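**Q** Handing you this structure, nothing more for now.
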Amino acid sequence: MVSRSKIALLAGMVAAASGTAAHAELTYTADVGAGYSDNITRVGQDEVSESMASAGLVLDWQERRPRFSADVSVDGDYVHYLDDTYDDDIVGGLDGTLDFKLLPDRLSWVVQDSFGQESIDPFSPVTPDTRENVNYFTTGPTLEFLVGRALTRVFATYSLTDFERTSFDSERVLGGLSIGRRSASGDGLAFNAVTENVKFKNDFNDDYDRASAYLSYDRAGARTEISAEVGYTWLELEDGTKSDDPRFSLEVTRELSTSSTLELTLGTQLTDSSNALRSDLGGGGTGTPGAGSGVTSSAAPYENRYASLAWQFNRHRTSLSLGTDWSDDTYDQTPEFDRERLNFNASIGRQISSRMSVSLQGNMSNEEFVTSGASVDTLELGAAMTWQLGPTLGLRFDFTRSDRQSSDGLGEYVENRAFLSLTYHSGPSRSPGSRAP
């Protein structure tokens, strides 16, 4: 289970955010609500309806000081099932980084925590029975030496990963070196070398060593930002098995106009479920952070190839986004988890008046499991409406419909879910969106 110390750390981050609001960029929305599902267990027949009560928090905190910086994002709900179909549950995630400048421009210490959900059974619909809470905690120092435009960084971290149900708890020690230079125009180029040792608390999981060497490049122009990595990763398991894979990533963000942007990402990497969760919470995935449908709990590292394209438009009272992403996961130790995913998503939001806003969302995905040959198609549609009762209080209605179909007829279901919530908001207004847990 997720340890109490990790939960205390998450609570401390939020408390610290609230306590320094006068000196930070802090926005948050708290809500309490009630909801209903006509198929809470997500089955094809003998559906079970369920009433729910929830309390949620969406928080964004960013702070920059000479000796301290913070970047914390929370999007989560605590759900109580009134008919006791499931035990009380947490849905959503937290991703937070605190950076302490012990010696400005020389020595810093980072504390990072990521909390979310992963899928226990990737072949079944996502329910409280088929997902688990996962917490990934990291801390360690970074030493920097700046000579002219040349920067050398030496860093080390210690990490703990706690899985609520599965026996994949681990600790890892990482060390690295980065030698780079930034030009007068702002372009940055660096050589990076990283080595990592992962040990599991249960002996039946194979410990492993992973090492990477790669070049990184970044450029921030007037309208275009580019970030790229190219190199190689080597892996050695406890039993002596060795493998290697290329490491490549490219991220390009282009400002098409003052109201629209286009973002392209693609790459390949040798990763694991802990790092995949952190990447998903940090914006690398789609859907609700920590929802658990994109990452499978596993002790085995795997090769992940991915590509995505997203367009966003925001102007006056209207927001619009369109996107598609593809990924392919290959496991050497557990090939039954091999799968290819293709996803399309779209959303539109409109501020109808000073007190009312609406939004519509849609997500369509296809999953192909290579070993079994099974395929799954999922369609999710959502709508949200918000009424502003005053400067800080509001009402929000969320409706979502999920439809899952599979080639073998297993795990098929249709679910309709609705929530009505009372919200309290602090900070700039947010575009409406569905947050039904």
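So you can find residues: chains in the structure tokens are A, B, ... in the order shown, residues in each start at 1, and ligands are numbered from 1 in order.
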Check the DSSP output for the backbone and give back, as a list in words, the residues of region 55-92 of chain A in strand (DSSP E or B).

**A** Ala55, Gly56, Leu57, Val58, Leu59, Asp60, Trp61, Gln62, Glu63, Arg64, Arg65, Phe68, Ser69, Ala70, Asp71, Val72, Ser73, Val74, Asp75, Gly76, Asp77, Tyr78, Val79, His80, Tyr81, Asp89, Ile90, Val91 and Gly92 of chain A

**Q** As a PyMOL selection string, please: the residues near region 99-104 of chain A (cut-off 8 Å, only C-alpha atoms, same-chain neighbours under 2 positions excluded).

**A** chain A and resi 66-70+97+106-111

**Q** Need the shell around Val32 (chain A): protein/DNA/RNA residues with any atom at most 6 Å away, counting only C-alpha atoms. Skip same-chain ones fewer than 3 positions apart. Format as number ranges by chain?

**A** A: 54-55, 421-422

**Q** Between CA of Arg219 (chain A) and CA of Glu63 (chain A), what distance in Å does the model show, to one decimal?

**A**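 So the two atoms, CA of Arg219 (chain A) and CA of Glu63 (chain A), lie 23.7 Å apart.
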
**Q** Any idea what's packed within 12 Å of Phe344 (chain A), counting only C-alpha atoms, ignoring anything in its chain fewer than 2 positions away? Could you give it as a list in words?

**A** Thr286, Gly287, Ser308, Leu309, Ala310, Trp311, Ser321, Leu322, Gly323, Thr324, Asp325, Trp326, Arg341, Leu342, Ala346, Ser347, Gln361, Gly362, Asn363, Met364, Ser365, Asn366, Asp377, Thr378, Leu379, Glu380 and Leu381 of chain A

**Q** Convert the current residue selection to file output with N, CA and C atoms, as a PDB file, in the first residue's frame.

**A**
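Output below, filename selection-v9.pdb:
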```pdb
ATOM      1  N   THR A 286      -2.939  11.397 -22.230  1.00  0.00           N
ATOM      2  CA  THR A 286      -4.215  12.029 -22.493  1.00  0.00           C
ATOM      3  C   THR A 286      -5.209  11.612 -21.432  1.00  0.00           C
ATOM      4  N   GLY A 287      -6.254  12.387 -21.257  1.00  0.00           N
ATOM      5  CA  GLY A 287      -7.275  12.058 -20.278  1.00  0.00           C
ATOM      6  C   GLY A 287      -6.950  12.596 -18.910  1.00  0.00           C
ATOM      7  N   SER A 308       2.675  11.763 -31.225  1.00  0.00           N
ATOM      8  CA  SER A 308       1.428  12.483 -30.983  1.00  0.00           C
ATOM      9  C   SER A 308       1.455  13.814 -31.720  1.00  0.00           C
ATOM     10  N   LEU A 309       0.254  14.290 -32.033  1.00  0.00           N
ATOM     11  CA  LEU A 309       0.074  15.581 -32.684  1.00  0.00           C
ATOM     12  C   LEU A 309      -1.158  16.237 -32.073  1.00  0.00           C
ATOM     13  N   ALA A 310      -1.014  17.478 -31.600  1.00  0.00           N
ATOM     14  CA  ALA A 310      -2.128  18.162 -30.926  1.00  0.00           C
ATOM     15  C   ALA A 310      -2.190  19.612 -31.377  1.00  0.00           C
ATOM     16  N   TRP A 311      -3.423  20.091 -31.555  1.00  0.00           N
ATOM     17  CA  TRP A 311      -3.680  21.486 -31.924  1.00  0.00           C
ATOM     18  C   TRP A 311      -4.628  22.094 -30.908  1.00  0.00           C
ATOM     19  N   SER A 321      -9.687  21.985 -29.006  1.00  0.00           N
ATOM     20  CA  SER A 321      -8.476  21.177 -29.112  1.00  0.00           C
ATOM     21  C   SER A 321      -8.763  19.914 -29.894  1.00  0.00           C
ATOM     22  N   LEU A 322      -7.794  19.505 -30.701  1.00  0.00           N
ATOM     23  CA  LEU A 322      -7.857  18.274 -31.479  1.00  0.00           C
ATOM     24  C   LEU A 322      -6.521  17.559 -31.329  1.00  0.00           C
ATOM     25  N   GLY A 323      -6.540  16.241 -31.198  1.00  0.00           N
ATOM     26  CA  GLY A 323      -5.284  15.538 -31.042  1.00  0.00           C
ATOM     27  C   GLY A 323      -5.382  14.075 -31.380  1.00  0.00           C
ATOM     28  N   THR A 324      -4.231  13.491 -31.672  1.00  0.00           N
ATOM     29  CA  THR A 324      -4.124  12.055 -31.887  1.00  0.00           C
ATOM     30  C   THR A 324      -2.785  11.595 -31.341  1.00  0.00           C
ATOM     31  N   ASP A 325      -2.761  10.394 -30.795  1.00  0.00           N
ATOM     32  CA  ASP A 325      -1.492   9.850 -30.321  1.00  0.00           C
ATOM     33  C   ASP A 325      -1.457   8.345 -30.548  1.00  0.00           C
ATOM     34  N   TRP A 326      -0.240   7.843 -30.758  1.00  0.00           N
ATOM     35  CA  TRP A 326      -0.004   6.418 -31.025  1.00  0.00           C
ATOM     36  C   TRP A 326       1.134   5.947 -30.141  1.00  0.00           C
ATOM     37  N   ARG A 341      -1.496   1.085 -29.379  1.00  0.00           N
ATOM     38  CA  ARG A 341      -2.663   1.914 -29.103  1.00  0.00           C
ATOM     39  C   ARG A 341      -2.712   3.111 -30.050  1.00  0.00           C
ATOM     40  N   LEU A 342      -3.915   3.411 -30.511  1.00  0.00           N
ATOM     41  CA  LEU A 342      -4.157   4.590 -31.332  1.00  0.00           C
ATOM     42  C   LEU A 342      -5.338   5.336 -30.734  1.00  0.00           C
ATOM     43  N   ALA A 346     -10.915  15.103 -28.889  1.00  0.00           N
ATOM     44  CA  ALA A 346     -11.355  16.443 -29.280  1.00  0.00           C
ATOM     45  C   ALA A 346     -12.156  17.052 -28.140  1.00  0.00           C
ATOM     46  N   SER A 347     -12.083  18.358 -28.006  1.00  0.00           N
ATOM     47  CA  SER A 347     -12.885  19.055 -26.999  1.00  0.00           C
ATOM     48  C   SER A 347     -13.163  20.479 -27.478  1.00  0.00           C
ATOM     49  N   GLN A 361     -16.520  16.915 -24.811  1.00  0.00           N
ATOM     50  CA  GLN A 361     -15.279  16.177 -25.021  1.00  0.00           C
ATOM     51  C   GLN A 361     -15.588  14.844 -25.689  1.00  0.00           C
ATOM     52  N   GLY A 362     -14.639  14.366 -26.467  1.00  0.00           N
ATOM     53  CA  GLY A 362     -14.769  13.058 -27.081  1.00  0.00           C
ATOM     54  C   GLY A 362     -13.421  12.379 -27.179  1.00  0.00           C
ATOM     55  N   ASN A 363     -13.403  11.075 -26.931  1.00  0.00           N
ATOM     56  CA  ASN A 363     -12.165  10.310 -27.017  1.00  0.00           C
ATOM     57  C   ASN A 363     -12.474   8.939 -27.618  1.00  0.00           C
ATOM     58  N   MET A 364     -11.746   8.573 -28.664  1.00  0.00           N
ATOM     59  CA  MET A 364     -11.927   7.281 -29.334  1.00  0.00           C
ATOM     60  C   MET A 364     -10.573   6.597 -29.419  1.00  0.00           C
ATOM     61  N   SER A 365     -10.497   5.348 -28.928  1.00  0.00           N
ATOM     62  CA  SER A 365      -9.212   4.657 -28.908  1.00  0.00           C
ATOM     63  C   SER A 365      -9.361   3.229 -29.403  1.00  0.00           C
ATOM     64  N   ASN A 366      -8.258   2.694 -29.917  1.00  0.00           N
ATOM     65  CA  ASN A 366      -8.177   1.300 -30.350  1.00  0.00           C
ATOM     66  C   ASN A 366      -6.908   0.697 -29.767  1.00  0.00           C
ATOM     67  N   ASP A 377     -11.997  -1.496 -28.791  1.00  0.00           N
ATOM     68  CA  ASP A 377     -12.364  -0.147 -29.213  1.00  0.00           C
ATOM     69  C   ASP A 377     -13.175   0.503 -28.100  1.00  0.00           C
ATOM     70  N   THR A 378     -12.773   1.708 -27.699  1.00  0.00           N
ATOM     71  CA  THR A 378     -13.449   2.426 -26.621  1.00  0.00           C
ATOM     72  C   THR A 378     -13.825   3.820 -27.092  1.00  0.00           C
ATOM     73  N   LEU A 379     -15.067   4.197 -26.834  1.00  0.00           N
ATOM     74  CA  LEU A 379     -15.563   5.533 -27.157  1.00  0.00           C
ATOM     75  C   LEU A 379     -16.059   6.184 -25.873  1.00  0.00           C
ATOM     76  N   GLU A 380     -15.537   7.361 -25.563  1.00  0.00           N
ATOM     77  CA  GLU A 380     -15.962   8.110 -24.383  1.00  0.00           C
ATOM     78  C   GLU A 380     -16.413   9.505 -24.816  1.00  0.00           C
ATOM     79  N   LEU A 381     -17.613   9.871 -24.396  1.00  0.00           N
ATOM     80  CA  LEU A 381     -18.174  11.184 -24.698  1.00  0.00           C
ATOM     81  C   LEU A 381     -18.532  11.873 -23.391  1.00  0.00           C
TER      82      LEU A 381
END
```

**Q** Leaving out region 405-414 of chain A and any residue of its chain fewer than 3 positions from it, which residues lie within 6 Å of it when counting only C-alpha atoms, given as number ranges by chain?

**A** A: 42-44, 124, 374-377, 402

**Q** May I ask which of the residues A:Thr296, A:Thr27, A:Asn343, A:Asn135 is the closest one to Trp61 (chain A), counting only C-alpha atoms?

**A**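 Closest to Trp61 (chain A), using only C-alpha atoms: A:Thr27.
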
**Q** Considering only C-alpha atoms, can you say which of A:Leu250, A:Leu281, A:Ala228, A:Leu57 comes closest to Asp113 (chain A)?

**A**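 For Asp113 (chain A), the nearest of the given residues is A:Leu281.
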
**Q** Mind checking which residues fall within 12 Å of Thr85 (chain A), counting only C-alpha atoms, ignoring those fewer than 4 positions away in the same chain, and posting them as a PyMOL selection string?

**A** chain A and resi 37+39-42+47-52+79-81+89+127-129

**Q** For the residues selected in the previous step, produce a file with C-alpha atoms as an mmCIF file, in the first residue's frame.

**A**
```
data_model
loop_
_atom_site.group_PDB
_atom_site.id
_atom_site.type_symbol
_atom_site.label_atom_id
_atom_site.label_comp_id
_atom_site.auth_asym_id
_atom_site.auth_seq_id
_atom_site.Cartn_x
_atom_site.Cartn_y
_atom_site.Cartn_z
ATOM 1 C CA SER A 37 -23.788 5.446 -12.550
ATOM 2 C CA ASN A 39 -23.235 0.384 -14.659
ATOM 3 C CA ILE A 40 -20.583 0.995 -12.005
ATOM 4 C CA THR A 41 -18.933 -2.432 -12.434
ATOM 5 C CA ARG A 42 -18.710 -1.924 -16.212
ATOM 6 C CA GLU A 47 -25.436 -4.130 -14.613
ATOM 7 C CA VAL A 48 -25.166 -2.657 -11.120
ATOM 8 C CA SER A 49 -26.234 0.953 -10.530
ATOM 9 C CA GLU A 50 -24.499 3.032 -7.860
ATOM 10 C CA SER A 51 -24.908 6.401 -6.166
ATOM 11 C CA MET A 52 -21.761 8.271 -5.147
ATOM 12 C CA VAL A 79 -15.274 8.968 -3.891
ATOM 13 C CA HIS A 80 -17.640 7.310 -1.417
ATOM 14 C CA TYR A 81 -19.917 4.611 -2.881
ATOM 15 C CA ASP A 89 -11.647 5.316 -3.551
ATOM 16 C CA THR A 127 -12.726 -0.065 -12.358
ATOM 17 C CA PRO A 128 -11.646 0.186 -8.695
ATOM 18 C CA ASP A 129 -11.040 -3.594 -8.864
#
```

**Q** Using only C-alpha atoms, which residue out of A:Pro141, A:Pro335, A:Gly294, A:Gly56 lies closest to Gly116 (chain A)?

**A**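 Under the stated criterion, the closest residue is A:Gly294.
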
**Q** Could you name the residues that touch Asp338 (chain A) at 6 Å or less, counting only C-alpha atoms, but leaving out those on the same chain fewer than 3 positions away, as an NGL selection string?

**A** :A and (329-331 or 335 or 369-370)

**Q** Could you list, with a cut-off of 12 Å and counting only C-alpha atoms, the residues of region 251-311 of chain A near region 235-241 of chain A, each shown with its nearest atom pair and the distance in Å rounded to one decimal, rows sorted by chain and ascending number, as JSON lines?

**A**
```
{"residue": "A:Gln269", "atom": "CA", "partner": "A:Leu235", "partner_atom": "CA", "distance": 11.7}
{"residue": "A:Leu270", "atom": "CA", "partner": "A:Leu235", "partner_atom": "CA", "distance": 8.5}
{"residue": "A:Thr271", "atom": "CA", "partner": "A:Leu235", "partner_atom": "CA", "distance": 10.3}
{"residue": "A:Asp272", "atom": "CA", "partner": "A:Leu235", "partner_atom": "CA", "distance": 11.8}
{"residue": "A:Ala299", "atom": "CA", "partner": "A:Leu237", "partner_atom": "CA", "distance": 11.6}
{"residue": "A:Ala300", "atom": "CA", "partner": "A:Leu237", "partner_atom": "CA", "distance": 9.7}
{"residue": "A:Pro301", "atom": "CA", "partner": "A:Leu235", "partner_atom": "CA", "distance": 8.9}
{"residue": "A:Tyr302", "atom": "CA", "partner": "A:Leu235", "partner_atom": "CA", "distance": 10.3}
{"residue": "A:Glu303", "atom": "CA", "partner": "A:Leu235", "partner_atom": "CA", "distance": 11.1}
```

**Q** Could you take the residues named above and write them with C-alpha atoms, as a tab-separated table (two decimals), in the first residue's frame?

**A**
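Contents of selection_11.tsv, as written:
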```
chain	number	residue	atom	x	y	z
A	269	GLN	CA	12.70	4.75	-25.07
A	270	LEU	CA	13.43	1.88	-22.68
A	271	THR	CA	11.20	2.72	-19.72
A	272	ASP	CA	9.18	1.17	-16.88
A	299	ALA	CA	8.16	-4.85	-12.64
A	300	ALA	CA	9.51	-5.44	-16.15
A	301	PRO	CA	11.11	-2.65	-18.19
A	302	TYR	CA	9.80	-2.33	-21.73
A	303	GLU	CA	10.41	-0.56	-25.02
```
